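Asker: Have a look at this one.
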Amino acid sequence: MAQKITKREKDYSQWYLDVVKEAKLAEHSPVRGCMVIRPTGMALWENMQQGLDKMFKDTGHENAYFPLFIPKSFLSKEAQHVEGFAKECAVVTHSRLKAVDGGVEVDPESKLEEELIVRPTSETIIWDTYRNWIQSYRDLPILVNQWANVVRWEMRTRLFLRTMEFLWQEGHTAHATEEEAQEETLQMLEVYRTFAEEFMAMPVTTGVKTASERFAGAVETYCIEALMQDGKALQAGTSHFLGQNFAKAFDVKFQDSDGDHKHVWATSWGVSTRLIGGLIMTHSDDQGLVIPPKLAPTQVVIVPIYRSDEERESVIEYGESIYNELKELDVRVKLDTRDNYKPGFKFAEHEAQGIPLRIAIGPRDVAKNNVELARRDTLSKSFESRDGIGDMVKNLLDIIQNDLFETAKKRQNEMTFEVNSYDEFKEVLEEKGGFIYAHWDGTPETEELIKNETKATIRCIPLNGDTTEGTCMVTGKPSKQKVLFAKSY
RNA sequence: CGGGGAGUGGCGCAGUCCGGUAGCGCAUUCGCUUUGGGAGCGAAGGGUCGCAAGUUCAAAUCUUGUCUCCCCGACCA
């Protein structure tokens, strides 16, 4: 504490790290590239989990759990998949250590016959299991989700956005028909969009990835892309149509009602703790974190202000009555009675942690039957009557939730551009950043060229975008629609 | 793996060029005063200066070796 947060315009990455640190969300661990999620960060993730989990259940899914370790041979069964993940796997080769002069070393005798891979994602181990679960069309669909941790041996890491180990959810479904699997893929994309926008108040664009950005082993990868305050895009969630690739690789067949044996159709979809990074970079300011009320572990904090013991007693009693009233209405409220910190310190701390609403009460308020209400998002303060505080708070939390989305949406609109030439593209990218819509000829070569020359990538081919035809800004070849470019995290 | 930088109390750093026996801010502990926007004053505790060897009367500082971490690129939810 007692630190000031770096200004956003001064150094965006330092600002981001300051916010994470000051909000006590997470910190670097002694293990390279990994992070420790602190209780405050975990509480936020738990709320996100809860929201997502309910949406999964509402769409017919169930939770299951599969092993952390994957036999090496499993990974090699789907060619694209192995190519995509082989370069970033943690491999377990031995099963024990032995003591050697005060230290320990790996016991060479314990070498495993087949190495185990710490899951980078669970398609392989799950599809190996599904083979046994599926015989008949009556066994389908399988609609399973798993909350888990995965490990990807990344070169460079950043708290929440890219860590070697991260927490996520991965859904893995099996279907009798292609159409049904396609529908599932799009349904889950829509679940993610809804969660991002309605819970996180983070506007996103939905679309399809180009072949080069596609998930290893997928036929089609759909995604939600969000825009951060520094003008860079963040891939916030993906939903993959896997076709029959994994069913063929793991020989998963079912006998259909017509008697034929067929390979099943698959999807997988996931979001991770990266969403927390997205949340921070969407709403937070130079005072610290801003959390939308729906996800905030604490929605309202009451800060009592007093000098003498007599004042303390009456102010806290007043605070407790407000606390109880809000508690009755299921508002997640805290009364900050810590005696060893001054109000100013508490204000700053709660702001850094992003608590949406603060109620400050002192002797003056007790006398006048008032409260001071302060909104975290706008940092505005107002005096209100204590009577009817419950409804007022409930109402205000809804307004804050809504305003956060509107503000973020407006900013995203202001940072979204359409260009018609490559020069214009480079100019906008250089001077403004943000989302840029432009025509592209559909070839990986042109995509690669643009990436190499400008660092911008095609974030997605928008699903509900403008489908006016045109010509590629680089090659002049025909283009079916403008696609979404941006520099990204 | 290529290019840069850094290792000094819990955290962040100064000191290194030009050797003289370790200091600052924050945090911690105690006391008093404070409490409507990150408190003030006084006192206290805490460091084999990454590791190893060498030069020297004397090394955080010079030499050599070695280890680790961070940043920029290739990779990526």
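Following the order of the structure tokens, chains are lettered A, B, ..., residues in each are numbered from 1, and ligands are numbered from 1.
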If you take only C-alpha atoms (C1' of nucleotides) and a cut-off of 8 Å, which residues of chain B touch chain A, and what are their nearest atom pairs and distances in Å to one decimal, in chain and number order, as a Markdown table?
Answerer:
```
| residue | atom | partner | partner_atom | distance |
| --- | --- | --- | --- | --- |
| B:C26 | C1' | A:Ala2 | CA | 7.9 |
| B:U35 | C1' | A:Lys342 | CA | 5.3 |
| B:G36 | C1' | A:Ile305 | CA | 6.9 |
| B:G37 | C1' | A:Gly344 | CA | 4.2 |
| B:G38 | C1' | A:Phe345 | CA | 4.4 |
| B:A39 | C1' | A:Lys342 | CA | 7.7 |
| B:C75 | C1' | A:Met155 | CA | 6.6 |
| B:C76 | C1' | A:Glu154 | CA | 6.8 |
| B:A77 | C1' | A:Ser272 | CA | 6.4 |
```
Asker: May I have the selected residues written with N, CA and C atoms (P, O5', C5', C4', C3', O3' and C1' of nucleotides), as a PDB file, in the first residue's frame?
Answerer:
```pdb
ATOM      1  P     C B  26       9.271   6.637   4.478  1.00  0.00           P
ATOM      2  O5'   C B  26       8.589   5.305   3.926  1.00  0.00           O
ATOM      3  C5'   C B  26       7.557   5.358   2.948  1.00  0.00           C
ATOM      4  C4'   C B  26       7.210   3.980   2.460  1.00  0.00           C
ATOM      5  C3'   C B  26       6.735   2.991   3.519  1.00  0.00           C
ATOM      6  O3'   C B  26       5.381   3.173   3.875  1.00  0.00           O
ATOM      7  C1'   C B  26       8.310   1.940   2.124  1.00  0.00           C
ATOM      8  P     U B  35      -8.092  14.261  14.430  1.00  0.00           P
ATOM      9  O5'   U B  35      -8.443  13.152  13.352  1.00  0.00           O
ATOM     10  C5'   U B  35      -7.763  13.126  12.105  1.00  0.00           C
ATOM     11  C4'   U B  35      -8.113  11.861  11.367  1.00  0.00           C
ATOM     12  C3'   U B  35      -9.609  11.718  11.077  1.00  0.00           C
ATOM     13  O3'   U B  35      -9.791  11.096   9.828  1.00  0.00           O
ATOM     14  C1'   U B  35      -8.852   9.873  12.316  1.00  0.00           C
ATOM     15  P     G B  36      -9.338  11.868   8.479  1.00  0.00           P
ATOM     16  O5'   G B  36     -10.473  11.464   7.436  1.00  0.00           O
ATOM     17  C5'   G B  36     -11.815  11.812   7.723  1.00  0.00           C
ATOM     18  C4'   G B  36     -12.429  12.372   6.493  1.00  0.00           C
ATOM     19  C3'   G B  36     -12.106  13.844   6.222  1.00  0.00           C
ATOM     20  O3'   G B  36     -12.054  14.025   4.830  1.00  0.00           O
ATOM     21  C1'   G B  36     -14.421  13.582   6.564  1.00  0.00           C
ATOM     22  P     G B  37     -10.607  14.109   4.070  1.00  0.00           P
ATOM     23  O5'   G B  37     -10.346  12.535   3.899  1.00  0.00           O
ATOM     24  C5'   G B  37      -9.121  11.963   4.386  1.00  0.00           C
ATOM     25  C4'   G B  37      -8.261  11.532   3.235  1.00  0.00           C
ATOM     26  C3'   G B  37      -7.635  12.664   2.421  1.00  0.00           C
ATOM     27  O3'   G B  37      -6.366  12.244   1.926  1.00  0.00           O
ATOM     28  C1'   G B  37      -8.977  11.355   1.022  1.00  0.00           C
ATOM     29  P     G B  38      -5.155  12.073   3.023  1.00  0.00           P
ATOM     30  O5'   G B  38      -5.206  10.506   3.187  1.00  0.00           O
ATOM     31  C5'   G B  38      -4.954   9.673   2.086  1.00  0.00           C
ATOM     32  C4'   G B  38      -4.474   8.335   2.569  1.00  0.00           C
ATOM     33  C3'   G B  38      -3.068   8.334   3.145  1.00  0.00           C
ATOM     34  O3'   G B  38      -3.030   7.295   4.104  1.00  0.00           O
ATOM     35  C1'   G B  38      -3.167   6.924   1.274  1.00  0.00           C
ATOM     36  P     A B  39      -2.679   7.814   5.605  1.00  0.00           P
ATOM     37  O5'   A B  39      -1.601   8.953   5.327  1.00  0.00           O
ATOM     38  C5'   A B  39      -0.442   9.017   6.098  1.00  0.00           C
ATOM     39  C4'   A B  39      -0.564  10.144   7.093  1.00  0.00           C
ATOM     40  C3'   A B  39       0.689  10.367   7.910  1.00  0.00           C
ATOM     41  O3'   A B  39       1.591  11.170   7.169  1.00  0.00           O
ATOM     42  C1'   A B  39      -1.229  10.405   9.307  1.00  0.00           C
ATOM     43  P     C B  75       5.963 -16.545 -34.092  1.00  0.00           P
ATOM     44  O5'   C B  75       5.753 -17.533 -32.870  1.00  0.00           O
ATOM     45  C5'   C B  75       6.094 -18.908 -32.970  1.00  0.00           C
ATOM     46  C4'   C B  75       5.705 -19.592 -31.694  1.00  0.00           C
ATOM     47  C3'   C B  75       4.247 -19.425 -31.286  1.00  0.00           C
ATOM     48  O3'   C B  75       3.414 -20.373 -31.919  1.00  0.00           O
ATOM     49  C1'   C B  75       5.642 -18.936 -29.444  1.00  0.00           C
ATOM     50  P     C B  76       1.851 -20.042 -32.071  1.00  0.00           P
ATOM     51  O5'   C B  76       1.456 -19.943 -30.531  1.00  0.00           O
ATOM     52  C5'   C B  76       0.204 -20.418 -30.078  1.00  0.00           C
ATOM     53  C4'   C B  76       0.047 -20.051 -28.644  1.00  0.00           C
ATOM     54  C3'   C B  76      -1.195 -19.231 -28.330  1.00  0.00           C
ATOM     55  O3'   C B  76      -2.289 -20.098 -28.092  1.00  0.00           O
ATOM     56  C1'   C B  76       0.690 -18.202 -27.341  1.00  0.00           C
ATOM     57  P     A B  77      -3.767 -19.725 -28.682  1.00  0.00           P
ATOM     58  O5'   A B  77      -4.605 -19.458 -27.363  1.00  0.00           O
ATOM     59  C5'   A B  77      -6.005 -19.644 -27.401  1.00  0.00           C
ATOM     60  C4'   A B  77      -6.565 -18.865 -26.248  1.00  0.00           C
ATOM     61  C3'   A B  77      -5.879 -17.528 -26.008  1.00  0.00           C
ATOM     62  O3'   A B  77      -6.390 -16.504 -26.834  1.00  0.00           O
ATOM     63  C1'   A B  77      -6.086 -18.703 -23.968  1.00  0.00           C
TER      64        A B  77
END
```
Asker: Tell me, which residues of segment 150-396 of chain A carry DSSP alpha helix (DSSP H), written as JSON, numbers by chain?
Answerer: {"A": [178, 179, 180, 181, 182, 183, 184, 185, 186, 187, 188, 189, 190, 191, 192, 193, 194, 245, 246, 247, 248, 249, 274, 275, 276, 277, 278, 279, 280, 281, 282, 283, 309, 310, 311, 312, 313, 314, 315, 316, 317, 318, 319, 320, 321, 322, 323, 324, 325, 326, 327, 328, 343, 344, 345, 346, 347, 348, 349, 350, 351, 352, 353, 363, 364, 365, 366, 367, 368, 389, 390, 391, 392, 393, 394, 395, 396]}
Asker: What's the 12 Å shell around U63 of chain B, counting only C-alpha atoms (C1' of nucleotides), without same-chain residues fewer than 4 positions away, as a ChimeraX atom specification?
Answerer: /B:53-55,59
Asker: Restrict the selected residues to N, CA and C atoms (P, O5', C5', C4', C3', O3' and C1' of nucleotides) and save them as a PDB file, in the first residue's frame.
Answerer:
```
ATOM      1  P     A B  53      35.985 -19.492  -1.934  1.00  0.00           P
ATOM      2  O5'   A B  53      37.079 -19.098  -3.036  1.00  0.00           O
ATOM      3  C5'   A B  53      37.979 -20.092  -3.537  1.00  0.00           C
ATOM      4  C4'   A B  53      38.663 -19.579  -4.772  1.00  0.00           C
ATOM      5  C3'   A B  53      39.674 -18.445  -4.561  1.00  0.00           C
ATOM      6  O3'   A B  53      40.919 -18.882  -4.075  1.00  0.00           O
ATOM      7  C1'   A B  53      38.294 -17.955  -6.420  1.00  0.00           C
ATOM      8  P     G B  54      41.779 -17.856  -3.155  1.00  0.00           P
ATOM      9  O5'   G B  54      42.219 -16.729  -4.197  1.00  0.00           O
ATOM     10  C5'   G B  54      43.147 -17.049  -5.226  1.00  0.00           C
ATOM     11  C4'   G B  54      43.291 -15.898  -6.190  1.00  0.00           C
ATOM     12  C3'   G B  54      43.908 -14.627  -5.614  1.00  0.00           C
ATOM     13  O3'   G B  54      45.312 -14.704  -5.523  1.00  0.00           O
ATOM     14  C1'   G B  54      42.035 -14.075  -6.947  1.00  0.00           C
ATOM     15  P     U B  55      46.073 -13.877  -4.375  1.00  0.00           P
ATOM     16  O5'   U B  55      45.979 -12.361  -4.879  1.00  0.00           O
ATOM     17  C5'   U B  55      46.656 -11.965  -6.059  1.00  0.00           C
ATOM     18  C4'   U B  55      46.419 -10.494  -6.320  1.00  0.00           C
ATOM     19  C3'   U B  55      46.690  -9.584  -5.124  1.00  0.00           C
ATOM     20  O3'   U B  55      48.077  -9.280  -4.992  1.00  0.00           O
ATOM     21  C1'   U B  55      44.608  -9.022  -6.103  1.00  0.00           C
ATOM     22  P     A B  59      39.080  -7.280   2.233  1.00  0.00           P
ATOM     23  O5'   A B  59      38.458  -6.118   1.330  1.00  0.00           O
ATOM     24  C5'   A B  59      37.441  -5.246   1.847  1.00  0.00           C
ATOM     25  C4'   A B  59      36.361  -5.092   0.790  1.00  0.00           C
ATOM     26  C3'   A B  59      35.618  -6.390   0.463  1.00  0.00           C
ATOM     27  O3'   A B  59      34.294  -6.061   0.061  1.00  0.00           O
ATOM     28  C1'   A B  59      36.719  -5.627  -1.452  1.00  0.00           C
TER      29        A B  59
END
```
Asker: Leaving out Gly433 of chain A and any residue of its chain fewer than 2 positions from it, which residues lie within 12 Å of it when counting only C-alpha atoms (C1' of nucleotides), given as a VMD selection string?
Answerer: chain A and resid 227 to 233 412 414 to 418 425 to 431 435 to 437 454 to 456 485 to 488
Asker: Which residues are near Asp18 of chain A? Cut-off 12 Å, only C-alpha atoms (C1' of nucleotides), ignore same chain within fewer than 3 positions. Put them as JSON, numbers by chain.
Answerer: {"A": [1, 2, 3, 4, 5, 6, 7, 8, 11, 12, 13, 14, 15, 21, 22, 23, 24, 25, 26, 27, 159, 280, 281, 284, 285, 286, 287, 288, 289, 352, 353]}
Asker: Take the selection from the previous step and output its residues with C-alpha atoms, as a tab-separated table (two decimals), in the first residue's frame.
Answerer:
```tsv
chain	number	residue	atom	x	y	z
A	1	MET	CA	0.00	0.00	0.00
A	2	ALA	CA	0.85	3.65	0.07
A	3	GLN	CA	1.93	3.23	-3.53
A	4	LYS	CA	0.59	5.37	-6.29
A	5	ILE	CA	-0.49	3.60	-9.42
A	6	THR	CA	1.37	4.48	-12.62
A	7	LYS	CA	-0.71	6.55	-15.03
A	8	ARG	CA	-2.18	4.62	-17.93
A	11	ASP	CA	3.30	3.17	-19.18
A	12	TYR	CA	0.39	0.88	-19.85
A	13	SER	CA	2.06	-2.39	-18.81
A	14	GLN	CA	3.40	-0.90	-15.60
A	15	TRP	CA	-0.04	0.53	-14.89
A	21	LYS	CA	-0.62	-5.58	-7.22
A	22	GLU	CA	-2.52	-2.79	-5.47
A	23	ALA	CA	-5.80	-4.65	-5.80
A	24	LYS	CA	-4.07	-7.65	-4.23
A	25	LEU	CA	-5.28	-9.92	-7.01
A	26	ALA	CA	-2.13	-11.87	-7.73
A	27	GLU	CA	1.65	-11.81	-7.72
A	159	LEU	CA	0.03	-12.01	-14.90
A	280	ILE	CA	-8.81	-5.02	-15.58
A	281	MET	CA	-7.81	-3.55	-18.93
A	284	SER	CA	-9.74	0.08	-14.46
A	285	ASP	CA	-8.31	3.58	-14.06
A	286	ASP	CA	-5.38	5.33	-12.39
A	287	GLN	CA	-7.01	4.76	-9.00
A	288	GLY	CA	-6.93	1.01	-9.54
A	289	LEU	CA	-9.34	-1.78	-10.28
A	352	ALA	CA	-7.71	0.11	-5.61
A	353	GLN	CA	-9.71	-3.07	-5.08
```
Asker: Atom CA of Arg131 of chain A to atom CA of Glu78 of chain A: how many Å, to one decimal?
Answerer: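 A separation of 14.9 Å between them.
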Asker: What gap, in Å, lies between atom CA of Arg119 of chain A and atom CA of Glu165 of chain A?
Answerer: 10.0 Å
Asker: Determine, counting only C-alpha atoms (C1' of nucleotides), which protein, DNA and RNA residues have an atom within 9 Å of an atom of G7 of chain B; residues of the same chain fewer than 6 positions away are not included. Present the result as a PyMOL selection string.
Answerer: chain B and resi 50+68-69
